[in-house]
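Novice: Quick one: structure below, then a few questions.
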Amino acid sequence: MSAISLSAGAGAGDSAPQAAAAERAQPRRHHWYRQPALIAGIVIIGLILLAVIAAPLLTSWNPDTQNLNATLEGFSAHHWLGTDQEGRDTFARLLYGGRVDLQVAFIAVLFPFVLGTILGSLAGYFGGWIDLIIMRLVDIVVAFPFFVLIIALVFVLGPGERSIYIAITLVGWVSYARIIRGEILVAKRQEYVLAAQSGGLSNLRIMGRHLLPNVITQAIIYAMSDIVQDILAIVTLSYLGLGIQPPAADWGTMISDGQNFLTTHWQLTTIPGLVVVVTGLGLSLIGDGLADLLRPGQ
Amino acid sequence: MSGGDRVSQPLLQVSDLHVQIASRRGIVRAVDGVSLEVPAGEAVGLVGESGSGKSMTLRAILGVLPAEARVTAGQVLLDGVDLTQLANNQLNQIRGPKIAMIFQEPMSALNPVMRVGSQIAEGPQVHLGMNRRQAAERAIELMRRVGIPDPERRYRSFPHEFSGGMRQRVMIAIALSCEPSLILCDEPTTALDVTIQDQILRLLTRLCRESGTSLVFVTHDLPVVAQVCHQIAVMYAGRIVERGSVQEVLTQPWHPYTLGLVRSAPDVDHPRSSLAAIPGAPPSLVSPPAGCRFHPRCKFAEQDCTVTEPPLRLIDAGHATACLHYERCLDELRTEGADR
C-alpha cells in the first residue's frame, strides 16, 4: 500500500534543465519604428523643438526689439513672416515664444504627474479612509471644468509662470491619481505583491519598487496627451493676459495681439494658431503611438 | 497538545488557530482550531483538498491574510514569540530572515518588470544590511546553488525569459536568500510537470537539509508529501483530522478521510481498475455540519458522529486522529489486505 513510490524514481536529480534556453524572450512584436503615428509625432515635435532651440541660428532678429517705423509689414525676405503692430519680427517671436510655451508645458506636466501618481498609489494600495479622502478630493476637482478651474486659480494667484504651475498641478493631478489608483487596485491583487509582503518588504518599498513600475506606463501615456492640454491651457491663459507676461513672446499673446488686425493682417493670429494646432497634433500622435507600443498583448 | 514526549521545543507552534473570512454569504470559518508543530529541521506536510484551509493556515502564520480575513483566535509561536500579536513592521523583521514562503505559481509570484537578480538580491539588501554589490554577489551565488546555469548572465534576465522550473528555482533562491529557519511552501510544484516537479522537490529537500531549515509543505499531492516530509497533518473543512509520521499515516490511516485520500491516489505497485473517489463534496464553511464535519460523506458514520465534535486524540506515539471510530479504518484495511 504505497503511493510513495509514485514520483520517487522519476527524473534525474536536480541538474539544470535546458528548457530555459528554449523559452527565451520573444522579440517585441511592435518596434517603435513600426508605429507610423509615433514616427509622425516624433518628426513633427522634433522639428518644432529643433526650430525653437536653434532659434538664434534661424533668425537674427530679437523678438522683443520694437521698430515703430516698420509696423505691420507683410511677408518679405527681410521679415519672413512680417512684423506686428510694434514692428517686432513675427518669425522671431514665434520661435522664442515657442521656447517659453514648450518649456512651461513640459515642466507643468511633471508636477501633476508626480503628485497624482503618489496620491493615486496611496489610495489604491492602502484603500480605506486614505482612499476615501483622496478620491473625494478628486471628485471635488473633477466637478469643475478644467479650464474654468485653471483660469479661476491663476486669476486668484496672480498672472505668471509660477501661478500656471500651481494651477495646473492642483487641477491636473486628479487624472493621474485616478489612472494610477485603478491600476494599483488591479496590480495589488497579483501574487507577486503577496510574495513581496511575505518577504518582509515594507509597504513603501512594495509600492515604489514593485507596483509602480508595473503601472506607471498608463500614466506616461496619459502625460503625452496631458501636455497638449497644458499647452492649450498656457496659450489660453496668455491669450487672456493671465499667462506669460509681456514683453516676453508667447503664442497665446501673439494670437490675442494679432486678432485686432485679423481682417488686414491675418498672419499675425493665424500662424501662431496653426503652430499651436500642429504642436498639439504632434504630441497627440506621440501619445497614441506610445500607447500602442507600450500596451502589451496586441 | 501532543508535545509531551518531545524534549526540545518545536521551532513553530501553532495552537488552536482560527481564521474567519467575511463573505457575502456569511462568515466563513476557513481555519477552525488548527494546532500544528514544526520541529527544527523537519518537514511537515499539510494535506487536504481545495478549500480545506491549508493555504489560509500558511498565510495566517505569516500574517499575510487577504483583507477580508483575520485571525480570530489562537497563537502562532515562533521561538516563543506570538506572531499574531505583532504589528506589521515587526512582522517584516520575521518575514524573510525567519520565515520565507514559496508560492504555487512561480510566474505570477515574480514581479514581471523586475530583473530576477534584483528580486533575489532585495531580501539581503533589506534584511541583512548588504549593499548593492554584496547583495548582487549573494544573489548570483544563490542562483548557482539552486542550479540556474550561467547565473552572472541570467541575473539580468526577466522572469518571462525563464521556464516554469527555472522560475521556481528563482523562488527558492529568494526564499533562501535571508537564511530563514522555516520555509512555508504553498503547493510549490503543482504548476510544474512531473519531471521538473521531481527536480524541484529534490533541490528543495537537499537545500533545506544542508541548512537545517524546517519546511511546512502544503499540497494535495500525497506522493509529494511522502517524498519530502517527515510529519503529515491532514486537513478537512478547516480542521486537522489526522496527524502523525508520514509512514504511519499513509500506510495506516486512522481517519476515513485520509483513507479516502490515499485510496484516490493511483498506486503503481498495486494498480486497481478504478480509483476510489470520496463521495459528496466538501461542506460549506459558512454553516458546517454538526458533529464530525466529515460524517455526511463517511461510510463509517454512526449516530454519535452527527452529534459529537470529535477532538484530535493522540492514539499512538505521535499519531493522532479526530475520528470516533478510527478502528473501522483498520478493519477496512485489514480485510482489503486479506482480499489481495
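By convention here, the chains of the C-alpha cells are called A, B, ... in the order presented, each chain's residues are numbered starting at 1, and ligands are numbered starting at 1 in the order presented.
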Please provide the set of residues having any atom within 6 Å of stretch 59-71 of chain B, restricted to only C-alpha atoms, with same-chain residues fewer than 6 positions apart removed, written as a list in words.

Specialist: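 What passes the distance filter is His18, Val19, Gln20, Ile21 and Ala22 of chain B.
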
Novice: Just write the chosen residues, N, CA and C atoms, as a PDB file, in the first residue's frame.

Specialist:
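As written to disk, again.pdb reads:
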ATOM      1  N   HIS B  18      -7.668  30.068  14.623  1.00  0.00           N
ATOM      2  CA  HIS B  18      -8.947  30.285  13.941  1.00  0.00           C
ATOM      3  C   HIS B  18      -8.795  31.440  12.955  1.00  0.00           C
ATOM      4  N   VAL B  19      -9.214  31.227  11.718  1.00  0.00           N
ATOM      5  CA  VAL B  19      -9.234  32.316  10.738  1.00  0.00           C
ATOM      6  C   VAL B  19     -10.643  32.405  10.181  1.00  0.00           C
ATOM      7  N   GLN B  20     -11.195  33.604  10.192  1.00  0.00           N
ATOM      8  CA  GLN B  20     -12.532  33.788   9.640  1.00  0.00           C
ATOM      9  C   GLN B  20     -12.470  34.779   8.492  1.00  0.00           C
ATOM     10  N   ILE B  21     -13.261  34.493   7.460  1.00  0.00           N
ATOM     11  CA  ILE B  21     -13.316  35.352   6.292  1.00  0.00           C
ATOM     12  C   ILE B  21     -14.730  35.897   6.175  1.00  0.00           C
ATOM     13  N   ALA B  22     -14.830  37.213   6.070  1.00  0.00           N
ATOM     14  CA  ALA B  22     -16.147  37.814   5.881  1.00  0.00           C
ATOM     15  C   ALA B  22     -16.515  37.700   4.410  1.00  0.00           C
TER      16      ALA B  22
END

Novice: Residues within 12 Å of A:Arg209, please, as a count of residues only. Count only C-alpha atoms; anything in the same chain fewer than 5 positions from it doesn't count.

Specialist: 19

Novice: Could I get the residues of chain B with an atom no further than 7 Å from an atom of chain A, each paired with its nearest atom pair and that distance in Å to one decimal, using only C-alpha atoms, sorted by chain and residue number, as a Markdown table?

Specialist:
| residue | atom | partner | partner_atom | distance |
| --- | --- | --- | --- | --- |
| B:Leu62 | CA | A:Ser198 | CA | 6.8 |
| B:Val64 | CA | A:Ser198 | CA | 6.7 |
| B:Asn92 | CA | A:Gly200 | CA | 4.0 |
| B:Gln93 | CA | A:Gly200 | CA | 6.4 |
| B:Ile94 | CA | A:Gly200 | CA | 6.9 |
| B:Arg95 | CA | A:Gly200 | CA | 4.4 |
| B:Gly96 | CA | A:Gly199 | CA | 4.6 |
| B:Ala100 | CA | A:Gly199 | CA | 6.3 |
| B:Met101 | CA | A:Ser198 | CA | 6.3 |
| B:Ser108 | CA | A:Glu191 | CA | 5.5 |
| B:Ala109 | CA | A:Tyr192 | CA | 3.9 |
| B:Leu110 | CA | A:Tyr192 | CA | 5.1 |
| B:Asn111 | CA | A:Tyr192 | CA | 5.5 |
| B:Val113 | CA | A:Asn214 | CA | 6.4 |
| B:Gly123 | CA | A:Gly199 | CA | 6.8 |
| B:Gly147 | CA | A:Ala16 | CA | 5.5 |
| B:Ile148 | CA | A:Ala16 | CA | 6.3 |
| B:Pro149 | CA | A:Ala16 | CA | 6.8 |
| B:His160 | CA | A:Ala25 | CA | 6.6 |
| B:Glu161 | CA | A:Ala25 | CA | 4.9 |
| B:Phe162 | CA | A:Ala20 | CA | 5.2 |
| B:Ser163 | CA | A:Ala20 | CA | 4.9 |
| B:Met166 | CA | A:Ala20 | CA | 6.7 |
| B:Thr195 | CA | A:Gly11 | CA | 4.9 |
| B:Asp198 | CA | A:Gly11 | CA | 6.1 |
| B:Gln199 | CA | A:Asp14 | CA | 4.3 |
| B:Ile200 | CA | A:Asp14 | CA | 6.7 |
| B:Arg202 | CA | A:Asp14 | CA | 6.4 |
| B:Leu203 | CA | A:Asp14 | CA | 5.8 |
| B:Leu222 | CA | A:Ala3 | CA | 7.0 |
| B:Pro223 | CA | A:Ile4 | CA | 4.9 |
| B:Ala226 | CA | A:Ile4 | CA | 5.3 |
| B:Gln227 | CA | A:Ala8 | CA | 6.8 |
| B:Thr251 | CA | A:Met1 | CA | 6.2 |
| B:Ala265 | CA | A:Ala3 | CA | 6.6 |
| B:Pro266 | CA | A:Ala3 | CA | 6.8 |
| B:Asp267 | CA | A:Ala3 | CA | 5.1 |
| B:Val268 | CA | A:Leu6 | CA | 6.6 |

Novice: How would you write, as a PDB file with C-alpha atoms, in the first residue's frame, the set of residues in stretch 13-209 of chain B that DSSP gives as strand (DSSP E or B)?

Specialist:
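Output below, filename result-v4.pdb:
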ATOM      1  CA  GLN B  13       3.989  26.001  17.337  1.00  0.00           C
ATOM      2  CA  VAL B  14       0.539  26.835  16.028  1.00  0.00           C
ATOM      3  CA  SER B  15      -2.159  26.313  18.606  1.00  0.00           C
ATOM      4  CA  ASP B  16      -5.904  26.499  18.186  1.00  0.00           C
ATOM      5  CA  LEU B  17      -5.670  28.866  15.217  1.00  0.00           C
ATOM      6  CA  HIS B  18      -8.947  30.285  13.941  1.00  0.00           C
ATOM      7  CA  VAL B  19      -9.234  32.316  10.738  1.00  0.00           C
ATOM      8  CA  GLN B  20     -12.532  33.788   9.640  1.00  0.00           C
ATOM      9  CA  ILE B  21     -13.316  35.352   6.292  1.00  0.00           C
ATOM     10  CA  ALA B  22     -16.147  37.814   5.881  1.00  0.00           C
ATOM     11  CA  SER B  23     -18.064  36.959   2.730  1.00  0.00           C
ATOM     12  CA  GLY B  26     -21.744  34.952   5.931  1.00  0.00           C
ATOM     13  CA  ILE B  27     -18.651  34.317   7.957  1.00  0.00           C
ATOM     14  CA  VAL B  28     -16.507  31.566   6.526  1.00  0.00           C
ATOM     15  CA  ARG B  29     -14.591  29.685   9.186  1.00  0.00           C
ATOM     16  CA  ALA B  30     -11.705  28.841   6.904  1.00  0.00           C
ATOM     17  CA  VAL B  31      -9.383  27.679   9.659  1.00  0.00           C
ATOM     18  CA  ASP B  32     -11.149  26.354  12.722  1.00  0.00           C
ATOM     19  CA  GLY B  33      -8.890  25.390  15.581  1.00  0.00           C
ATOM     20  CA  VAL B  34      -5.752  24.163  13.861  1.00  0.00           C
ATOM     21  CA  SER B  35      -2.809  23.109  16.005  1.00  0.00           C
ATOM     22  CA  LEU B  36       0.484  22.275  14.389  1.00  0.00           C
ATOM     23  CA  GLU B  37       4.052  21.771  15.490  1.00  0.00           C
ATOM     24  CA  VAL B  38       7.105  22.083  13.303  1.00  0.00           C
ATOM     25  CA  ALA B  43       9.413  18.911   7.077  1.00  0.00           C
ATOM     26  CA  VAL B  44       5.714  18.846   7.864  1.00  0.00           C
ATOM     27  CA  GLY B  45       3.181  18.209   5.145  1.00  0.00           C
ATOM     28  CA  LEU B  46      -0.230  19.830   5.294  1.00  0.00           C
ATOM     29  CA  VAL B  47      -2.623  17.897   3.099  1.00  0.00           C
ATOM     30  CA  ALA B  69      -9.801  37.509   6.519  1.00  0.00           C
ATOM     31  CA  ARG B  70      -8.485  37.757  10.042  1.00  0.00           C
ATOM     32  CA  VAL B  71      -7.174  35.601  12.837  1.00  0.00           C
ATOM     33  CA  THR B  72      -9.915  35.448  15.479  1.00  0.00           C
ATOM     34  CA  ALA B  73      -8.223  33.167  17.987  1.00  0.00           C
ATOM     35  CA  GLY B  74      -5.116  31.121  18.552  1.00  0.00           C
ATOM     36  CA  GLN B  75      -1.395  31.531  18.738  1.00  0.00           C
ATOM     37  CA  VAL B  76       1.458  31.214  16.294  1.00  0.00           C
ATOM     38  CA  LEU B  77       4.606  30.821  18.347  1.00  0.00           C
ATOM     39  CA  LEU B  78       7.941  31.114  16.601  1.00  0.00           C
ATOM     40  CA  VAL B  81       7.108  34.828  20.151  1.00  0.00           C
ATOM     41  CA  ASP B  82       3.431  35.010  19.244  1.00  0.00           C
ATOM     42  CA  ARG B  95       9.213  37.532   7.112  1.00  0.00           C
ATOM     43  CA  ILE B  99      10.142  32.565   7.748  1.00  0.00           C
ATOM     44  CA  ALA B 100      10.044  32.598   3.968  1.00  0.00           C
ATOM     45  CA  MET B 101       7.323  31.474   1.605  1.00  0.00           C
ATOM     46  CA  ILE B 102       7.282  29.767  -1.768  1.00  0.00           C
ATOM     47  CA  LEU B 182      11.421  27.931   8.258  1.00  0.00           C
ATOM     48  CA  ILE B 183      10.097  27.882   4.712  1.00  0.00           C
ATOM     49  CA  LEU B 184       6.378  27.696   4.007  1.00  0.00           C
ATOM     50  CA  CYS B 185       5.604  26.089   0.657  1.00  0.00           C
ATOM     51  CA  ASP B 186       2.172  26.587  -0.865  1.00  0.00           C
TER      52      ASP B 186
END

Novice: Can you pull out every residue from stretch 98-267 of chain B that DSSP, working from the backbone, puts in helix (DSSP H, G or I), and format the result as an NGL selection string?

Specialist: :B and (106-109 or 116-127 or 132-145 or 151-154 or 159-161 or 164-176 or 194-211 or 222-228 or 246-251 or 256-264)

Novice: Give me the residues within 8 Å of B:Val170 as a ChimeraX atom specification, counting only C-alpha atoms and dropping any in the same chain fewer than 4 places off.

Specialist: /B:116,120,143,146,166,174

Novice: Please provide the set of residues having any atom within 10 Å of B:Glu152, restricted to only C-alpha atoms, with same-chain residues fewer than 2 positions apart removed, written as number ranges by chain.

Specialist: B: 117, 136-137, 139-141, 143-144, 148-150, 154-157

Novice: Produce a file of the selected residues containing C-alpha atoms, as a compact mmCIF listing (two decimals), in the first residue's frame.

Specialist:
# COMPACT_ATOMS: atom_id res chain seq x y z
CA GLY B 117 18.66 39.07 -9.88
CA ALA B 136 24.21 41.01 -6.12
CA GLU B 137 27.08 38.66 -5.38
CA ALA B 139 22.11 36.55 -5.49
CA ILE B 140 24.47 35.08 -8.08
CA GLU B 141 25.76 32.62 -5.50
CA MET B 143 21.31 31.22 -8.31
CA ARG B 144 24.25 28.88 -8.64
CA ILE B 148 20.45 28.11 -12.59
CA PRO B 149 23.07 27.86 -15.33
CA ASP B 150 25.21 30.89 -16.17
CA ARG B 154 20.82 35.26 -16.04
CA TYR B 155 21.00 37.75 -13.18
CA ARG B 156 19.89 40.42 -15.62
CA SER B 157 17.04 38.40 -17.17

Novice: As an exercise, work out the distance from atom CA of B:Val216 to atom CA of B:Leu330 in Å and give it to one decimal place.

Specialist: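 One can read the atom CA of B:Val216 to atom CA of B:Leu330 distance as 28.0 Å.
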
Novice: Compile the contact shell of stretch 253-261 of chain B as a ChimeraX atom specification: residues with an atom at most 9 Å away, counting only C-alpha atoms, same-chain residues fewer than 5 positions apart removed.

Specialist: /B:48-49,220,222,234,236,241-242,248,276-278,294,297-300,319-330,333

Novice: List as a PyMOL selection string the protein and nucleic acid residues near A:Phe91, meaning an atom at most 12 Å away when only C-alpha atoms are counted, but skip any in the same chain fewer than 5 places from it.

Specialist: chain A and resi 51-52+55-56+58-64+74-84+96-98+249-251+254+267-268+271-272+275
